[in-house]
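For reference, target.cif (mmCIF, C-alpha atoms and all ligand atoms):
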```
data_coords
#
loop_
_atom_site.label_atom_id
_atom_site.label_comp_id
_atom_site.auth_asym_id
_atom_site.auth_seq_id
_atom_site.Cartn_x
_atom_site.Cartn_y
_atom_site.Cartn_z
CA MET F 877 -1.21 6.58 10.86
CA ILE F 878 -3.73 9.31 10.02
CA ALA F 879 -6.95 7.25 9.86
CA TYR F 880 -9.87 8.18 7.60
CA SER F 881 -11.92 8.72 10.76
CA ARG F 882 -11.10 8.71 14.46
CA GLN F 883 -12.79 9.49 17.78
CA LEU F 884 -11.73 12.40 19.97
CA ILE F 885 -12.06 11.74 23.71
CA ASP F 886 -10.98 14.51 26.11
CA GLU F 887 -10.60 14.80 29.91
CA GLU F 888 -14.20 15.95 30.30
CA ASP F 889 -15.42 12.83 28.50
CA ILE F 890 -13.23 10.60 30.65
CA ASN F 891 -14.41 12.29 33.85
CA ALA F 892 -18.05 11.84 32.83
CA VAL F 893 -17.44 8.10 32.43
CA ILE F 894 -15.50 7.79 35.72
CA GLU F 895 -18.20 9.64 37.63
CA THR F 896 -20.83 7.23 36.31
CA LEU F 897 -18.63 4.23 37.11
CA LYS F 898 -18.52 5.43 40.73
CA GLY F 899 -22.31 5.88 40.87
CA ASP F 900 -25.04 3.40 41.82
CA PHE F 901 -26.28 2.54 38.33
CA LEU F 902 -24.01 1.21 35.60
CA THR F 903 -27.08 0.43 33.50
CA GLY F 904 -30.79 1.13 33.73
CA GLY F 905 -30.20 4.45 35.50
CA LYS F 906 -30.87 8.10 34.79
CA LYS F 907 -28.08 8.69 32.24
CA VAL F 908 -29.99 6.73 29.61
CA GLU F 909 -33.02 9.00 29.61
CA GLU F 910 -30.81 12.06 29.97
CA PHE F 911 -28.92 11.09 26.81
CA GLU F 912 -32.15 10.31 24.98
CA ARG F 913 -33.61 13.69 25.92
CA ALA F 914 -30.42 15.49 24.87
CA LEU F 915 -30.47 13.72 21.49
CA GLY F 916 -34.17 14.46 21.01
CA ASP F 917 -33.59 18.15 21.78
CA TYR F 918 -30.59 18.29 19.47
CA LEU F 919 -32.46 16.67 16.58
CA GLY F 920 -35.81 18.28 17.28
CA VAL F 921 -37.43 14.83 17.38
CA SER F 922 -40.04 13.80 19.95
CA TYR F 923 -38.74 10.36 20.90
CA VAL F 924 -35.30 8.77 21.02
CA CYS F 925 -34.57 5.21 22.12
CA VAL F 926 -30.85 4.41 22.48
CA MET F 927 -29.50 0.91 21.93
CA ASN F 928 -26.23 -0.98 22.00
CA SER F 929 -25.58 -0.42 18.26
CA ALA F 930 -27.11 0.97 15.09
CA THR F 931 -27.38 -2.60 13.84
CA SER F 932 -29.66 -3.38 16.80
CA ALA F 933 -31.52 -0.12 16.15
CA LEU F 934 -32.08 -1.10 12.50
CA GLN F 935 -33.34 -4.55 13.47
CA ILE F 936 -35.70 -3.07 16.07
CA ALA F 937 -36.90 -0.44 13.59
CA TYR F 938 -37.74 -3.18 11.08
CA LYS F 939 -39.48 -5.18 13.84
CA CYS F 940 -41.44 -2.10 14.87
CA ILE F 941 -43.00 -1.83 11.41
CA GLY F 942 -43.67 -5.56 11.43
CA LEU F 943 -41.37 -6.68 8.59
CA SER F 944 -41.58 -10.40 7.84
CA ASP F 945 -40.42 -12.95 5.30
CA LYS F 946 -43.24 -11.90 2.96
CA ASP F 947 -41.89 -8.39 2.65
CA GLU F 948 -39.33 -6.39 0.71
CA ILE F 949 -37.51 -3.17 1.47
CA ILE F 950 -35.82 -0.91 -1.06
CA THR F 951 -32.37 0.24 0.01
CA THR F 952 -28.95 1.23 -1.33
CA PRO F 953 -26.06 -1.14 -2.01
CA ILE F 954 -23.56 1.63 -1.13
CA THR F 955 -23.76 1.29 2.66
CA PHE F 956 -22.42 -0.74 5.52
CA CYS F 957 -23.95 -4.22 5.30
CA ALA F 958 -25.90 -3.77 8.55
CA THR F 959 -28.52 -1.65 6.73
CA SER F 960 -29.72 -4.68 4.77
CA ASN F 961 -28.47 -7.43 7.13
CA ALA F 962 -30.98 -6.24 9.72
CA ALA F 963 -33.73 -6.82 7.14
CA LEU F 964 -32.43 -10.35 6.54
CA MET F 965 -32.72 -10.92 10.30
CA CYS F 966 -36.49 -10.38 9.84
CA GLY F 967 -36.53 -12.71 6.83
CA THR F 968 -37.16 -9.68 4.61
CA THR F 969 -35.69 -9.32 1.11
CA PRO F 970 -33.61 -6.20 0.47
CA VAL F 971 -34.08 -4.87 -3.07
CA PHE F 972 -31.13 -2.72 -4.08
CA CYS F 973 -31.66 0.58 -5.86
CA ASP F 974 -28.86 2.21 -7.83
CA VAL F 975 -27.08 5.31 -6.55
CA LYS F 976 -26.22 8.74 -7.92
CA ASN F 977 -22.68 9.96 -8.35
CA ASN F 978 -22.66 11.32 -4.79
CA GLY F 979 -23.19 7.81 -3.41
CA ASN F 980 -26.77 8.47 -2.27
CA ILE F 981 -29.74 6.40 -3.45
CA ASP F 982 -31.11 7.60 -6.80
CA GLU F 983 -34.60 8.67 -5.74
CA SER F 984 -35.78 8.67 -9.36
CA LYS F 985 -35.16 4.91 -9.56
CA ILE F 986 -37.04 3.88 -6.41
CA LYS F 987 -40.52 3.92 -7.94
CA GLY F 988 -39.63 1.30 -10.57
CA LEU F 989 -38.65 -1.15 -7.83
CA ILE F 990 -41.86 -0.96 -5.82
CA THR F 991 -43.85 -4.23 -5.82
CA PRO F 992 -46.92 -5.34 -3.82
CA LYS F 993 -44.42 -6.76 -1.30
CA THR F 994 -42.56 -3.49 -0.70
CA ARG F 995 -43.07 -2.17 2.83
CA ALA F 996 -40.32 0.38 3.35
CA VAL F 997 -37.63 2.51 1.71
CA VAL F 998 -34.33 2.72 3.58
CA PRO F 999 -31.95 5.39 2.25
CA VAL F 1000 -28.52 6.18 3.76
CA ASP F 1001 -27.01 9.67 4.07
CA PHE F 1002 -23.71 8.71 2.51
CA GLY F 1003 -20.72 10.27 4.26
CA GLY F 1004 -23.07 12.71 6.03
CA ASN F 1005 -24.47 14.25 2.83
CA PRO F 1006 -28.26 13.97 3.28
CA VAL F 1007 -30.44 12.14 0.74
CA GLU F 1008 -33.31 13.92 -1.06
CA ILE F 1009 -35.56 13.14 1.86
CA ASP F 1010 -38.53 15.29 0.78
CA LYS F 1011 -38.80 13.53 -2.58
CA ILE F 1012 -38.46 10.10 -0.96
CA ARG F 1013 -41.01 11.04 1.71
CA GLU F 1014 -43.49 12.07 -0.98
CA LEU F 1015 -42.98 8.80 -2.84
CA CYS F 1016 -43.40 6.77 0.37
CA ASP F 1017 -46.60 8.62 1.28
CA LYS F 1018 -48.01 8.09 -2.20
CA HIS F 1019 -47.33 4.34 -2.09
CA LYS F 1020 -48.06 3.91 1.64
CA LEU F 1021 -44.53 2.79 2.47
CA TYR F 1022 -42.57 3.37 5.63
CA LEU F 1023 -39.48 5.54 5.38
CA ILE F 1024 -36.56 4.48 7.55
CA GLU F 1025 -33.51 6.71 7.20
CA ASP F 1026 -30.13 5.23 8.07
CA CYS F 1027 -28.45 8.36 9.43
CA ALA F 1028 -25.45 6.47 10.86
CA HIS F 1029 -23.12 8.95 9.10
CA ALA F 1030 -25.21 12.03 9.51
CA LEU F 1031 -25.79 13.07 13.12
CA GLY F 1032 -25.67 16.88 12.92
CA SER F 1033 -26.21 17.15 9.15
CA GLU F 1034 -28.80 19.72 8.05
CA ILE F 1035 -31.03 20.60 5.11
CA ASP F 1036 -32.10 24.26 4.90
CA GLY F 1037 -30.98 24.76 8.50
CA GLN F 1038 -33.02 21.84 9.82
CA LYS F 1039 -31.32 18.82 11.38
CA ILE F 1040 -31.84 15.57 9.52
CA GLY F 1041 -33.66 12.79 11.36
CA ASN F 1042 -37.08 14.42 11.34
CA LYS F 1043 -38.72 13.38 8.08
CA ALA F 1044 -38.55 9.60 8.22
CA ASP F 1045 -40.87 7.41 10.26
CA ILE F 1046 -37.75 6.15 12.01
CA SER F 1047 -34.22 7.55 11.81
CA ILE F 1048 -31.23 5.46 12.81
CA PHE F 1049 -28.01 6.73 14.40
CA SER F 1050 -24.72 5.01 15.25
CA PHE F 1051 -22.32 5.79 18.09
CA HIS F 1052 -19.66 3.38 16.94
CA ALA F 1053 -16.19 4.71 17.83
CA ILE F 1054 -15.58 6.48 14.53
CA LYS F 1055 -19.08 7.71 13.76
CA PRO F 1056 -19.91 11.43 14.41
CA ILE F 1057 -19.94 10.89 18.21
CA THR F 1058 -19.32 7.79 20.30
CA THR F 1059 -20.66 6.06 23.42
CA CYS F 1060 -17.66 3.95 24.59
CA GLY F 1061 -17.05 2.40 21.18
CA GLU F 1062 -20.47 0.92 20.42
CA GLY F 1063 -23.97 2.35 20.52
CA GLY F 1064 -26.93 3.41 18.42
CA ALA F 1065 -30.36 4.97 18.53
CA ILE F 1066 -33.69 5.29 16.81
CA ALA F 1067 -35.41 8.67 16.61
CA THR F 1068 -39.10 8.99 15.77
CA ASN F 1069 -42.06 11.32 16.16
CA ASN F 1070 -44.38 8.31 16.39
CA LYS F 1071 -45.19 7.41 19.99
CA GLU F 1072 -46.38 3.89 19.19
CA ILE F 1073 -43.17 3.06 17.37
CA TYR F 1074 -41.16 4.48 20.25
CA GLU F 1075 -43.06 2.46 22.86
CA LYS F 1076 -42.61 -0.73 20.85
CA ALA F 1077 -38.90 -0.05 20.35
CA LYS F 1078 -38.44 0.41 24.09
CA LEU F 1079 -40.24 -2.85 24.74
CA LEU F 1080 -38.19 -4.80 22.19
CA ARG F 1081 -34.95 -3.26 23.48
CA SER F 1082 -35.46 -4.90 26.85
CA HIS F 1083 -36.85 -8.45 26.52
CA GLY F 1084 -40.40 -7.37 25.73
CA ILE F 1085 -41.00 -7.14 29.46
CA VAL F 1086 -43.52 -4.70 30.93
CA LYS F 1087 -43.20 -3.94 34.63
CA LYS F 1088 -46.52 -3.89 36.47
CA GLN F 1089 -45.90 -3.72 40.19
CA ALA F 1090 -42.99 -5.04 42.25
CA TRP F 1091 -42.28 -8.57 41.00
CA ASN F 1092 -45.35 -8.84 38.85
CA SER F 1093 -44.11 -8.15 35.34
CA ASP F 1094 -45.43 -9.39 32.04
CA MET F 1095 -43.71 -10.30 28.80
CA THR F 1096 -45.79 -9.28 25.81
CA GLU F 1097 -43.29 -9.46 22.92
CA LEU F 1098 -40.25 -11.57 22.15
CA GLY F 1099 -37.64 -8.91 22.86
CA TYR F 1100 -33.88 -8.61 23.09
CA ASN F 1101 -31.29 -7.14 25.38
CA TYR F 1102 -30.15 -4.25 23.24
CA ARG F 1103 -29.87 -1.72 26.07
CA LEU F 1104 -27.12 0.90 26.21
CA SER F 1105 -25.42 1.27 29.61
CA ASP F 1106 -25.38 4.40 31.79
CA VAL F 1107 -21.59 4.50 31.42
CA ALA F 1108 -21.94 4.61 27.64
CA CYS F 1109 -24.72 7.21 27.84
CA ALA F 1110 -22.60 9.41 30.14
CA LEU F 1111 -19.96 9.52 27.41
CA GLY F 1112 -22.67 10.16 24.82
CA ILE F 1113 -24.01 13.16 26.76
CA SER F 1114 -20.51 14.59 27.00
CA GLN F 1115 -19.70 13.88 23.34
CA LEU F 1116 -22.96 15.37 22.08
CA LYS F 1117 -21.93 18.71 23.60
CA LYS F 1118 -18.87 18.63 21.34
CA LEU F 1119 -20.58 17.41 18.19
CA ASP F 1120 -20.92 20.85 16.64
CA SER F 1121 -17.24 21.60 17.26
CA PHE F 1122 -16.31 18.21 15.73
CA ILE F 1123 -18.35 19.04 12.64
CA LYS F 1124 -16.82 22.52 12.47
CA LYS F 1125 -13.35 20.97 12.48
CA ARG F 1126 -14.21 18.36 9.84
CA THR F 1127 -15.80 21.09 7.70
CA LYS F 1128 -12.66 23.21 8.01
CA ILE F 1129 -10.58 20.28 6.75
CA ALA F 1130 -13.08 19.55 3.96
CA ASN F 1131 -13.06 23.20 2.85
CA TYR F 1132 -9.28 23.18 2.82
CA TYR F 1133 -9.28 19.99 0.72
CA ASN F 1134 -11.90 21.42 -1.64
CA GLU F 1135 -9.68 24.40 -2.29
CA ARG F 1136 -6.49 22.36 -2.68
CA PHE F 1137 -8.17 19.89 -5.02
CA GLN F 1138 -9.94 22.41 -7.24
CA ASN F 1139 -9.49 21.59 -10.93
CA ASN F 1140 -7.05 18.74 -10.29
CA PRO F 1141 -6.96 16.25 -13.18
CA TYR F 1142 -7.15 13.10 -11.04
CA PHE F 1143 -10.39 13.10 -9.06
CA PHE F 1144 -13.53 14.93 -7.98
CA PRO F 1145 -14.51 15.50 -4.38
CA ILE F 1146 -18.25 14.96 -3.77
CA LYS F 1147 -20.06 18.30 -3.99
CA ILE F 1148 -22.16 19.25 -0.98
CA PRO F 1149 -25.04 21.53 -2.10
CA LEU F 1150 -25.13 25.05 -0.63
CA HIS F 1151 -28.43 24.55 1.24
CA VAL F 1152 -27.01 21.46 2.95
CA LYS F 1153 -24.67 21.05 5.91
CA SER F 1154 -22.83 17.72 5.96
CA SER F 1155 -21.56 16.12 9.15
CA TYR F 1156 -18.54 15.19 6.99
CA HIS F 1157 -18.32 11.75 8.55
CA LEU F 1158 -16.35 10.97 5.39
CA TYR F 1159 -14.43 12.97 2.83
CA PRO F 1160 -14.88 10.80 -0.26
CA ILE F 1161 -13.08 11.45 -3.52
CA LEU F 1162 -14.00 9.88 -6.87
CA LEU F 1163 -10.99 8.97 -8.99
CA ASP F 1164 -11.00 9.65 -12.70
CA ARG F 1165 -11.89 6.56 -14.72
CA SER F 1166 -8.30 6.38 -16.03
CA LEU F 1167 -7.06 5.72 -12.47
CA TRP F 1168 -9.54 3.02 -11.40
CA CYS F 1169 -7.17 0.18 -12.23
CA VAL F 1170 -4.43 1.63 -10.00
CA LYS F 1171 -6.66 2.44 -7.03
CA GLU F 1172 -5.13 -0.35 -4.99
CA ASP F 1173 -1.64 0.97 -5.69
CA ILE F 1174 -2.72 4.49 -4.77
CA SER F 1175 -4.27 3.26 -1.52
CA GLU F 1176 -1.13 1.23 -0.74
CA ALA F 1177 1.16 4.19 -1.45
CA LEU F 1178 -0.96 6.34 0.89
CA HIS F 1179 -0.77 3.71 3.64
CA LYS F 1180 3.02 3.58 3.24
CA LYS F 1181 3.08 7.32 3.93
CA GLY F 1182 0.93 6.84 7.02
CA ILE F 1183 -2.39 7.86 5.48
CA GLY F 1184 -5.24 5.45 6.18
CA ALA F 1185 -7.49 5.78 3.15
CA GLN F 1186 -10.48 3.43 2.93
CA VAL F 1187 -13.13 2.49 0.36
CA HIS F 1188 -16.85 3.01 1.11
CA TYR F 1189 -18.41 0.69 0.08
CA LYS F 1190 -18.27 -2.59 -1.77
CA PRO F 1191 -21.86 -2.89 -3.08
CA ILE F 1192 -23.65 -5.20 -0.66
CA TYR F 1193 -25.00 -7.50 -3.40
CA LYS F 1194 -21.38 -8.47 -4.18
CA PHE F 1195 -20.91 -10.21 -0.81
CA SER F 1196 -20.95 -13.99 -1.19
CA TYR F 1197 -23.71 -14.39 1.41
CA TYR F 1198 -25.96 -12.16 -0.69
CA LYS F 1199 -24.93 -13.81 -3.96
CA GLU F 1200 -25.81 -17.24 -2.59
CA GLN F 1201 -29.25 -16.02 -1.52
CA PHE F 1202 -30.17 -13.61 -4.28
CA GLY F 1203 -27.86 -14.42 -7.21
CA GLU F 1204 -25.64 -12.10 -9.22
CA GLN F 1205 -26.68 -8.47 -9.37
CA LYS F 1206 -25.08 -5.47 -10.99
CA LEU F 1207 -26.08 -1.85 -10.71
CA GLN F 1208 -24.10 0.33 -13.08
CA ASN F 1209 -23.59 3.43 -10.93
CA ALA F 1210 -22.92 1.44 -7.75
CA GLU F 1211 -20.27 -0.58 -9.61
CA GLU F 1212 -18.61 2.58 -10.89
CA PHE F 1213 -18.86 4.32 -7.55
CA TYR F 1214 -17.10 1.38 -5.90
CA LYS F 1215 -14.31 1.55 -8.47
CA ALA F 1216 -13.87 5.32 -8.12
CA GLU F 1217 -14.36 5.98 -4.40
CA LEU F 1218 -11.62 6.55 -1.84
CA SER F 1219 -12.24 8.14 1.60
CA ILE F 1220 -9.30 10.23 2.76
CA PRO F 1221 -8.72 11.34 6.36
CA ALA F 1222 -10.94 14.13 7.69
CA HIS F 1223 -11.65 14.01 11.40
CA GLN F 1224 -11.65 16.17 14.52
CA LYS F 1225 -8.39 14.75 15.85
CA MET F 1226 -6.38 15.95 12.83
CA SER F 1227 -4.41 19.19 12.72
CA MET F 1228 -4.44 21.44 9.66
CA ASP F 1229 -0.81 20.37 9.16
CA ASP F 1230 -2.06 16.77 8.94
CA ALA F 1231 -4.59 17.88 6.32
CA LYS F 1232 -1.86 19.66 4.34
CA PHE F 1233 0.29 16.53 4.53
CA VAL F 1234 -2.61 14.38 3.25
CA ALA F 1235 -3.33 16.77 0.36
CA ASP F 1236 0.36 17.15 -0.64
CA THR F 1237 1.01 13.41 -0.43
CA LEU F 1238 -2.14 12.43 -2.32
CA LEU F 1239 -1.48 14.83 -5.19
CA LYS F 1240 2.14 13.71 -5.42
CA ILE F 1241 1.19 10.02 -5.49
CA LEU F 1242 -1.39 10.67 -8.19
CA GLU F 1243 1.14 12.57 -10.29
CA ASN F 1244 3.25 9.42 -10.32
CA ALA F 1245 0.42 6.93 -10.70
CA LYS F 1246 0.47 5.22 -14.05
CA GLU F 1247 -2.84 5.47 -15.82
CA CYS F 1248 -4.68 2.36 -16.95
CA LYS F 1249 -4.06 1.52 -20.56
CA LEU F 1250 -7.65 0.87 -21.52
C1 LIG I 1301 -21.80 2.02 10.96
C2 LIG I 1301 -23.03 1.85 10.20
C3 LIG I 1301 -24.08 1.03 10.63
C4 LIG I 1301 -23.95 0.11 11.81
O1 LIG I 1301 -23.61 0.79 12.97
P1 LIG I 1301 -23.18 0.01 14.29
O2 LIG I 1301 -23.44 1.01 15.37
O3 LIG I 1301 -21.72 -0.28 14.13
O4 LIG I 1301 -24.00 -1.20 14.41
C5 LIG I 1301 -25.25 1.00 9.89
N1 LIG I 1301 -25.39 1.72 8.79
C6 LIG I 1301 -24.39 2.51 8.32
C7 LIG I 1301 -24.61 3.32 7.07
C8 LIG I 1301 -23.18 2.59 9.00
O5 LIG I 1301 -22.19 3.34 8.52
#
```
How would this structure read if it were set down as structure tokens?
Amino acid sequence: MIAYSRQLIDEEDINAVIETLKGDFLTGGKKVEEFERALGDYLGVSYVCVMNSATSALQIAYKCIGLSDKDEIITTPITFCATSNAALMCGTTPVFCDVKNNGNIDESKIKGLITPKTRAVVPVDFGGNPVEIDKIRELCDKHKLYLIEDCAHALGSEIDGQKIGNKADISIFSFHAIKPITTCGEGGAIATNNKEIYEKAKLLRSHGIVKKQAWNSDMTELGYNYRLSDVACALGISQLKKLDSFIKKRTKIANYYNERFQNNPYFFPIKIPLHVKSSYHLYPILLDRSLWCVKEDISEALHKKGIGAQVHYKPIYKFSYYKEQFGEQKLQNAEEFYKAELSIPAHQKMSMDDAKFVADTLLKILENAKECKL
């Protein structure tokens, strides 16, 4: 099966993990800070605090800005549910803003959703294509809101040659197995230029305990154990060195697809603007309206040929947990995006022959797909 995304672990990665396993510290050692420094240098951000997942990182980020049950955040429904679940963990209400046809939050619709309870805006760089961060930053500054960017897809993405992860008050990254790089399957991080936020995140990551001297420690916050192990960080350090080559490979596949799919009558790939570099965590295509009703058949036919297409995402407000709490919601573009979107394989472990096979097979299946009779 050619999956829509897959990790690539080589001998060097494996050796880095083995070496750490043989060392004195499996957790709480030097690899953690080394990975944090490497990430900070890569992103050009002052402080990085790694955690055991991006979900933990989101929850800690929300805690760091003091979100409570009196507050609201504005976020996108086209994301993995953790983006808003972490707000629910703080008792905070997520208000969903509609998206544009590239799957990113529609920045022009954020302002209309701001209430006296709004504390933060949380956009997601869908598939690795960065949101209009400057416009959102300006809006947040004007209305005194925090900006938390969920960059789980976008490690290595750039706008005008500058890495994303620098403009928000807190940027979130994921090292889940199939995200841009991995740290033994699970992992995440927050990046920030704000020292206070960083210090608080570090405290909350590890029980809220401050070490004074020897056995005399104090606990000043109700914290968690969201630490990332040295073994995981050793893999992260090794993987980070390969990130640019991973992105180069995914871009090569995406460019090949773009060329193959030019002017096809069945779907549009999402356009990445020229001044932007996408991490290409995903290669999403948007099916023509006439094919929405056969999307399941198309996906099934692809799976039968060994191509693991996936849909990103079911709008979060459609989950029953959300419906029970917040009632029925419907955002027009999010609904349509969900009906149209299909992510086809584009990852560093694929060969160009694999990419050719995916393109040939997809076009052939679509040729045979019966259109909806609307
Ligand atoms: C994967 C993902 C997360 C959660 O990441 P974990 O590391 O698996 O907790 C959060 N937000 C988005 C947009 C994601 O894709």
Near-ligand residues for ligand LIG 1301 (chain I), threshold 6 Å, all atoms listed in the file, as a PDB file with C-alpha atoms, keeping the file's coordinate frame:
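Ended up saving to part-v8.pdb:
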```
ATOM      1  CA  SER F 929     -25.580  -0.420  18.260  1.00  0.00           C
ATOM      2  CA  ALA F 930     -27.110   0.970  15.090  1.00  0.00           C
ATOM      3  CA  THR F 931     -27.380  -2.600  13.840  1.00  0.00           C
ATOM      4  CA  THR F 955     -23.760   1.290   2.660  1.00  0.00           C
ATOM      5  CA  PHE F 956     -22.420  -0.740   5.520  1.00  0.00           C
ATOM      6  CA  ALA F 958     -25.900  -3.770   8.550  1.00  0.00           C
ATOM      7  CA  THR F 959     -28.520  -1.650   6.730  1.00  0.00           C
ATOM      8  CA  VAL F1000     -28.520   6.180   3.760  1.00  0.00           C
ATOM      9  CA  ASP F1026     -30.130   5.230   8.070  1.00  0.00           C
ATOM     10  CA  ALA F1028     -25.450   6.470  10.860  1.00  0.00           C
ATOM     11  CA  HIS F1029     -23.120   8.950   9.100  1.00  0.00           C
ATOM     12  CA  SER F1050     -24.720   5.010  15.250  1.00  0.00           C
ATOM     13  CA  PHE F1051     -22.320   5.790  18.090  1.00  0.00           C
ATOM     14  CA  HIS F1052     -19.660   3.380  16.940  1.00  0.00           C
ATOM     15  CA  GLU F1062     -20.470   0.920  20.420  1.00  0.00           C
ATOM     16  CA  GLY F1063     -23.970   2.350  20.520  1.00  0.00           C
ATOM     17  CA  GLY F1064     -26.930   3.410  18.420  1.00  0.00           C
TER      18      GLY F1064
END
```
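For the set F:Pro1056, F:Gly1041, F:Gly1112, F:Gly979, the residue with the smallest atom-to-atom gap to Ile890 (chain F) is F:Gly1112, counting all atoms listed in the file.
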Listed atoms of region 900-906 of chain F boxed axis-aligned with 3 Å per side, centre + edges as AutoDock Vina command-line options:
```
--center_x -27.4 --center_y 4.3 --center_z 37.7 --size_x 12.9 --size_y 13.7 --size_z 14.3
```
When you look at Asn1134 (chain F) with a cut-off of 8 Å (counting all atoms listed in the file), what residues show up, excluding the ones that are within fewer than 4 positions of it in the same chain? I need them as a compact mmCIF listing (two decimals) with C-alpha atoms, keeping the file's coordinate frame.
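New file selection_26.txt:
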```txt
# COMPACT_ATOMS: atom_id res chain seq x y z
CA ALA F 1130 -13.08 19.55 3.96
CA GLN F 1138 -9.94 22.41 -7.24
CA PRO F 1145 -14.51 15.50 -4.38
```
What's the 12 Å shell around Leu1150 (chain F), counting only C-alpha atoms, without same-chain residues fewer than 4 positions away, as a ChimeraX atom specification?
/F:1005,1034-1037,1154
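For region 1237-1241 of chain F, the set of protein, DNA and RNA residues having any atom at most 8 Å away, when counting all atoms listed in the file and skipping those fewer than 6 positions along the same chain, is Ile1174, Ala1177, Leu1178 and Lys1181 of chain F.
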Ile1146 (chain F) environment, 7 Å, all atoms listed in the file, sequence neighbours closer than 6 positions dropped, as a ChimeraX atom specification:
/F:978,1160-1161
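Proximity of F:Gly920, F:Pro953, F:Gly942, F:Gly1084 to Gln1205 (chain F), computed with all atoms listed in the file, is greatest for F:Pro953.
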Non-local contacts of Val908 (chain F) (12 Å; all atoms listed in the file; under 2 positions in same chain excluded) as a ChimeraX atom specification
/F:896,901-906,910-915,924-928,1059,1063,1065,1078,1103-1113
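The gap separating CA of Asn977 (chain F) from CA of Lys1215 (chain F) is 11.9 Å, in Å to one decimal.
We find CA of Ser1121 (chain F) and CA of Phe1137 (chain F) to be spaced 24.1 Å apart.
One distance worth recording is that between CA of Ser1155 (chain F) and CA of Leu1116 (chain F), which is 13.0 Å.
Taking only C-alpha atoms into account, Asp1010 (chain F) lies nearest to F:Glu1025 out of the set F:Asp1230, F:Glu887, F:Glu1025, F:Asp1173.
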Restricting to only C-alpha atoms, whichever of F:Val971, F:Ile1129, F:Ala1245, F:Leu1207 is closest to Ala1222 (chain F) is F:Ile1129
